[in-house]
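J.: What follows is input_17.pdb, PDB, C-alpha atoms.
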```pdb
ATOM      1  CA  MET K   1     -22.575  49.021  30.776  1.00  0.00           C
ATOM      2  CA  LYS K   2     -21.251  45.477  30.221  1.00  0.00           C
ATOM      3  CA  LYS K   3     -19.270  46.675  27.219  1.00  0.00           C
ATOM      4  CA  LYS K   4     -17.521  49.324  29.330  1.00  0.00           C
ATOM      5  CA  ILE K   5     -16.558  46.695  31.957  1.00  0.00           C
ATOM      6  CA  PHE K   6     -15.039  44.458  29.257  1.00  0.00           C
ATOM      7  CA  ILE K   7     -12.933  47.406  28.076  1.00  0.00           C
ATOM      8  CA  LEU K   8     -11.997  48.805  31.534  1.00  0.00           C
ATOM      9  CA  LEU K   9     -11.038  45.459  33.153  1.00  0.00           C
ATOM     10  CA  PRO K  10      -8.184  44.617  30.708  1.00  0.00           C
ATOM     11  CA  ILE K  11      -6.923  48.226  30.864  1.00  0.00           C
ATOM     12  CA  ALA K  12      -6.948  48.121  34.687  1.00  0.00           C
ATOM     13  CA  PHE K  13      -5.230  44.696  34.674  1.00  0.00           C
ATOM     14  CA  ILE K  14      -2.482  45.877  32.308  1.00  0.00           C
ATOM     15  CA  SER K  15      -1.968  49.071  34.354  1.00  0.00           C
ATOM     16  CA  MET K  16      -1.711  47.215  37.675  1.00  0.00           C
ATOM     17  CA  SER K  17       0.658  44.627  36.159  1.00  0.00           C
ATOM     18  CA  SER K  18       2.898  47.374  34.774  1.00  0.00           C
ATOM     19  CA  ILE K  19       3.070  49.112  38.149  1.00  0.00           C
ATOM     20  CA  LEU K  20       3.931  45.870  39.967  1.00  0.00           C
ATOM     21  CA  ILE K  21       6.616  44.942  37.414  1.00  0.00           C
ATOM     22  CA  TYR K  22       8.164  48.422  37.651  1.00  0.00           C
ATOM     23  CA  GLN K  23       8.302  48.291  41.473  1.00  0.00           C
ATOM     24  CA  SER K  24       9.741  44.783  41.638  1.00  0.00           C
ATOM     25  CA  ARG K  25      12.372  45.675  39.039  1.00  0.00           C
ATOM     26  CA  SER K  26      13.498  48.777  40.952  1.00  0.00           C
ATOM     27  CA  ILE K  27      13.705  46.795  44.217  1.00  0.00           C
ATOM     28  CA  ARG K  28      15.744  44.101  42.463  1.00  0.00           C
ATOM     29  CA  ASN K  29      18.140  46.720  41.013  1.00  0.00           C
ATOM     30  CA  GLU K  30      18.647  48.316  44.439  1.00  0.00           C
ATOM     31  CA  TYR K  31      19.380  44.906  45.954  1.00  0.00           C
ATOM     32  CA  ARG K  32      21.865  44.100  43.198  1.00  0.00           C
ATOM     33  CA  GLU K  33      23.694  47.409  43.763  1.00  0.00           C
ATOM     34  CA  THR K  34      23.999  46.776  47.508  1.00  0.00           C
ATOM     35  CA  VAL K  35      25.307  43.246  46.906  1.00  0.00           C
ATOM     36  CA  GLU K  36      27.875  44.479  44.383  1.00  0.00           C
ATOM     37  CA  PHE K  37      28.962  47.279  46.723  1.00  0.00           C
ATOM     38  CA  SER K  38      29.382  44.947  49.690  1.00  0.00           C
ATOM     39  CA  ALA K  39      31.301  42.439  47.557  1.00  0.00           C
ATOM     40  CA  ALA K  40      33.929  45.038  46.631  1.00  0.00           C
ATOM     41  CA  VAL K  41      36.526  44.311  49.307  1.00  0.00           C
ATOM     42  CA  GLU K  42      39.536  46.544  49.841  1.00  0.00           C
ATOM     43  CA  LEU K  43      42.860  44.930  48.975  1.00  0.00           C
ATOM     44  CA  SER K  44      45.432  44.300  51.697  1.00  0.00           C
ATOM     45  CA  ALA K  45      48.760  46.117  51.594  1.00  0.00           C
ATOM     46  CA  PHE K  46      50.464  42.958  50.278  1.00  0.00           C
ATOM     47  CA  GLU K  47      47.878  42.565  47.506  1.00  0.00           C
ATOM     48  CA  GLN K  48      48.238  46.250  46.598  1.00  0.00           C
ATOM     49  CA  LEU K  49      52.015  45.801  46.333  1.00  0.00           C
ATOM     50  CA  GLN K  50      51.587  42.754  44.109  1.00  0.00           C
ATOM     51  CA  LYS K  51      49.142  44.588  41.896  1.00  0.00           C
ATOM     52  CA  ALA K  52      51.347  47.701  41.661  1.00  0.00           C
ATOM     53  CA  LEU K  53      54.448  45.698  40.748  1.00  0.00           C
ATOM     54  CA  ASN K  54      52.542  43.209  38.594  1.00  0.00           C
ATOM     55  CA  LYS K  55      54.665  40.408  40.070  1.00  0.00           C
ATOM     56  CA  GLU K  56      53.932  37.191  41.874  1.00  0.00           C
ATOM     57  CA  LEU K  57      55.338  37.703  45.378  1.00  0.00           C
ATOM     58  CA  ILE K  58      55.707  35.457  48.407  1.00  0.00           C
ATOM     59  CA  ASP K  59      54.374  37.024  51.602  1.00  0.00           C
ATOM     60  CA  LEU K  60      56.852  36.481  54.436  1.00  0.00           C
ATOM     61  CA  GLY K  61      54.497  38.178  56.906  1.00  0.00           C
ATOM     62  CA  GLU K  62      55.376  40.662  59.607  1.00  0.00           C
ATOM     63  CA  ALA K  63      59.022  41.544  60.035  1.00  0.00           C
ATOM     64  CA  LEU K  64      60.751  43.203  62.982  1.00  0.00           C
ATOM     65  CA  ILE K  65      64.067  45.041  62.859  1.00  0.00           C
ATOM     66  CA  SER K  66      65.559  43.201  65.802  1.00  0.00           C
ATOM     67  CA  PHE K  67      69.279  43.986  65.698  1.00  0.00           C
ATOM     68  CA  VAL K  68      71.424  46.653  64.057  1.00  0.00           C
ATOM     69  CA  HIS K  69      75.223  46.888  63.705  1.00  0.00           C
ATOM     70  CA  PHE K  70      76.149  50.557  63.272  1.00  0.00           C
ATOM     71  CA  GLU K  71      79.892  50.042  63.406  1.00  0.00           C
ATOM     72  CA  ASP K  72      82.099  48.192  60.930  1.00  0.00           C
ATOM     73  CA  ILE K  73      79.509  46.121  59.049  1.00  0.00           C
ATOM     74  CA  ASN K  74      76.497  48.470  58.978  1.00  0.00           C
ATOM     75  CA  ALA K  75      73.861  45.732  58.817  1.00  0.00           C
ATOM     76  CA  ALA K  76      70.315  45.303  60.080  1.00  0.00           C
ATOM     77  CA  THR K  77      68.850  41.951  61.092  1.00  0.00           C
ATOM     78  CA  VAL K  78      65.179  41.602  60.251  1.00  0.00           C
ATOM     79  CA  THR K  79      63.287  38.808  61.980  1.00  0.00           C
ATOM     80  CA  THR K  80      60.185  37.134  60.511  1.00  0.00           C
ATOM     81  CA  ASP K  81      58.182  34.224  61.932  1.00  0.00           C
ATOM     82  CA  THR K  82      60.468  31.705  60.277  1.00  0.00           C
ATOM     83  CA  ASP K  83      63.778  33.375  59.440  1.00  0.00           C
ATOM     84  CA  ASP K  84      66.354  36.070  60.209  1.00  0.00           C
ATOM     85  CA  ILE K  85      67.486  38.133  57.225  1.00  0.00           C
ATOM     86  CA  THR K  86      70.417  40.549  57.222  1.00  0.00           C
ATOM     87  CA  PHE K  87      70.343  43.686  55.078  1.00  0.00           C
ATOM     88  CA  PRO K  88      73.089  46.262  54.518  1.00  0.00           C
ATOM     89  CA  LEU K  89      72.113  49.668  55.819  1.00  0.00           C
ATOM     90  CA  THR K  90      73.038  53.315  55.414  1.00  0.00           C
ATOM     91  CA  VAL K  91      72.981  55.508  58.513  1.00  0.00           C
ATOM     92  CA  THR K  92      70.763  58.567  57.927  1.00  0.00           C
ATOM     93  CA  ASP K  93      70.714  60.122  61.402  1.00  0.00           C
ATOM     94  CA  PRO K  94      73.364  58.837  63.833  1.00  0.00           C
ATOM     95  CA  GLU K  95      71.998  60.796  66.812  1.00  0.00           C
ATOM     96  CA  LEU K  96      68.508  59.259  66.542  1.00  0.00           C
ATOM     97  CA  ASN K  97      69.818  55.879  65.295  1.00  0.00           C
ATOM     98  CA  HIS K  98      67.849  56.158  62.056  1.00  0.00           C
ATOM     99  CA  PHE K  99      68.975  54.292  58.969  1.00  0.00           C
ATOM    100  CA  SER K 100      67.791  53.279  55.510  1.00  0.00           C
ATOM    101  CA  ILE K 101      67.774  49.860  53.884  1.00  0.00           C
ATOM    102  CA  GLU K 102      68.342  50.471  50.188  1.00  0.00           C
ATOM    103  CA  SER K 103      68.135  46.801  49.165  1.00  0.00           C
ATOM    104  CA  LEU K 104      64.556  46.649  50.515  1.00  0.00           C
ATOM    105  CA  ILE K 105      62.415  47.695  47.546  1.00  0.00           C
ATOM    106  CA  ALA K 106      59.592  50.225  48.148  1.00  0.00           C
ATOM    107  CA  SER K 107      60.797  50.959  51.667  1.00  0.00           C
ATOM    108  CA  PRO K 108      60.564  54.316  53.440  1.00  0.00           C
ATOM    109  CA  GLU K 109      63.618  56.547  53.727  1.00  0.00           C
ATOM    110  CA  SER K 110      64.170  55.966  57.419  1.00  0.00           C
ATOM    111  CA  PHE K 111      63.896  53.062  59.855  1.00  0.00           C
ATOM    112  CA  SER K 112      64.716  52.649  63.517  1.00  0.00           C
ATOM    113  CA  ILE K 113      65.304  49.617  65.711  1.00  0.00           C
ATOM    114  CA  GLY K 114      62.037  47.863  66.571  1.00  0.00           C
ATOM    115  CA  ASP K 115      60.091  48.939  63.458  1.00  0.00           C
ATOM    116  CA  ILE K 116      57.516  46.414  62.281  1.00  0.00           C
ATOM    117  CA  PHE K 117      56.512  46.089  58.632  1.00  0.00           C
ATOM    118  CA  GLY K 118      55.398  43.566  56.055  1.00  0.00           C
ATOM    119  CA  LEU K 119      58.044  41.705  54.065  1.00  0.00           C
ATOM    120  CA  ALA K 120      57.630  40.006  50.710  1.00  0.00           C
ATOM    121  CA  MET K 121      60.017  38.234  48.362  1.00  0.00           C
ATOM    122  CA  ASP K 122      59.993  37.408  44.652  1.00  0.00           C
ATOM    123  CA  GLU K 123      61.469  34.374  42.891  1.00  0.00           C
ATOM    124  CA  MET K 124      64.799  36.215  42.361  1.00  0.00           C
ATOM    125  CA  GLU K 125      65.091  36.721  46.160  1.00  0.00           C
ATOM    126  CA  ASN K 126      64.541  40.478  45.997  1.00  0.00           C
ATOM    127  CA  TYR K 127      62.852  41.732  49.153  1.00  0.00           C
ATOM    128  CA  TYR K 128      59.919  44.162  49.209  1.00  0.00           C
ATOM    129  CA  TYR K 129      58.515  46.373  51.959  1.00  0.00           C
ATOM    130  CA  TYR K 130      54.819  46.893  52.595  1.00  0.00           C
ATOM    131  CA  PRO K 131      53.203  48.693  55.539  1.00  0.00           C
ATOM    132  CA  THR K 132      51.229  46.861  58.215  1.00  0.00           C
ATOM    133  CA  ASN K 133      48.251  48.155  60.171  1.00  0.00           C
ATOM    134  CA  LYS K 134      50.163  48.188  63.473  1.00  0.00           C
TER     135      LYS K 134
END
```
Can you turn what I pasted into structure tokens?
T.:
Amino acid sequence: MKKKIFILLPIAFISMSSILIYQSRSIRNEYRETVEFSAAVELSAFEQLQKALNKELIDLGEALISFVHFEDINAATVTTDTDDITFPLTVTDPELNHFSIESLIASPESFSIGDIFGLAMDEMENYYYYPTNK
């Protein structure tokens, strides 16, 4: 009887240890997956633009199309927190006062007065459009 106990005790100890190690390892892997998933943060529209263009851009923040000249000059004034920038425009729909700004890279085909969007600039003073959440 004593010989059987000396054989069964180490087998039981090794079995229990294996089960505990397996459970703790699976719990640790699940925790690691949740941490990695929560750490993956979605990029902002500005960061997505930078990544897509593979350029270092300066974020000028939100911009508002505040004033538009439809006669003679055909220019749109875009206001940011710190500056007013004038862009040449092309009228796309005169009845609805829609226009396009071709010198604004990655911009949509049509704007109207009062549109708000993100504005970025590179070192060569080219301006880039990116959408905002508003």
J.: Please evaluate the PyMOL selection byres ((chain K and resi 56-66) around 9) against the structure above and give the resulting residues as a count of residues only.
T.: 31
J.: What is the distance, in Å and to one decimal place, between CA of Ala52 (chain K) and CA of Ser103 (chain K)?
T.: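 One can read the CA of Ala52 (chain K) to CA of Ser103 (chain K) distance as 18.4 Å.
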J.: Could you work out an axis-aligned box for region 20-26 of chain K, taking every atom the file lists and adding 6 Å on each side, and report centre and edge lengths in Å to one decimal, as AutoDock Vina command-line options?
T.:
```
--center_x 8.7 --center_y 46.8 --center_z 39.5 --size_x 21.6 --size_y 16.0 --size_z 16.2
```
J.: What gap, in Å, lies between CA of Leu9 (chain K) and CA of Arg25 (chain K)?
T.: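 One can read the CA of Leu9 (chain K) to CA of Arg25 (chain K) distance as 24.1 Å.
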J.: Tell me which of K:Tyr31, K:Phe87, K:Phe99, K:Phe13 sits closest to Asn126 (chain K), counting only C-alpha atoms.
T.: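 Going through K:Tyr31, K:Phe87, K:Phe99, K:Phe13 one by one, the smallest distance to Asn126 (chain K) is for K:Phe87.
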J.: Write out as an MDAnalysis selection string the residues lying within 8 Å of Ile73 (chain K), counting all atoms listed in the file and excluding same-chain residues fewer than 3 positions away.
T.: chainID K and resid 69:70 88
J.: With C-alpha atoms kept, could you save the residues just selected as a PDB file, keeping the file's coordinate frame?
T.:
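Just written: again08.pdb:
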```pdb
ATOM      1  CA  HIS K  69      75.223  46.888  63.705  1.00  0.00           C
ATOM      2  CA  PHE K  70      76.149  50.557  63.272  1.00  0.00           C
ATOM      3  CA  PRO K  88      73.089  46.262  54.518  1.00  0.00           C
TER       4      PRO K  88
END
```
J.: Given only C-alpha atoms as the basis, pick out the residue of K:Asn74, K:Met16, K:Tyr130, K:Ser26 nearest to Ile105 (chain K).
T.: K:Tyr130
J.: Using all atoms listed in the file for the distances, tell me which of K:Ile19, K:Val35, K:Val91, K:Met124 is nearest to Ser110 (chain K).
T.: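 Among K:Ile19, K:Val35, K:Val91, K:Met124, it is K:Val91 that comes nearest to Ser110 (chain K).
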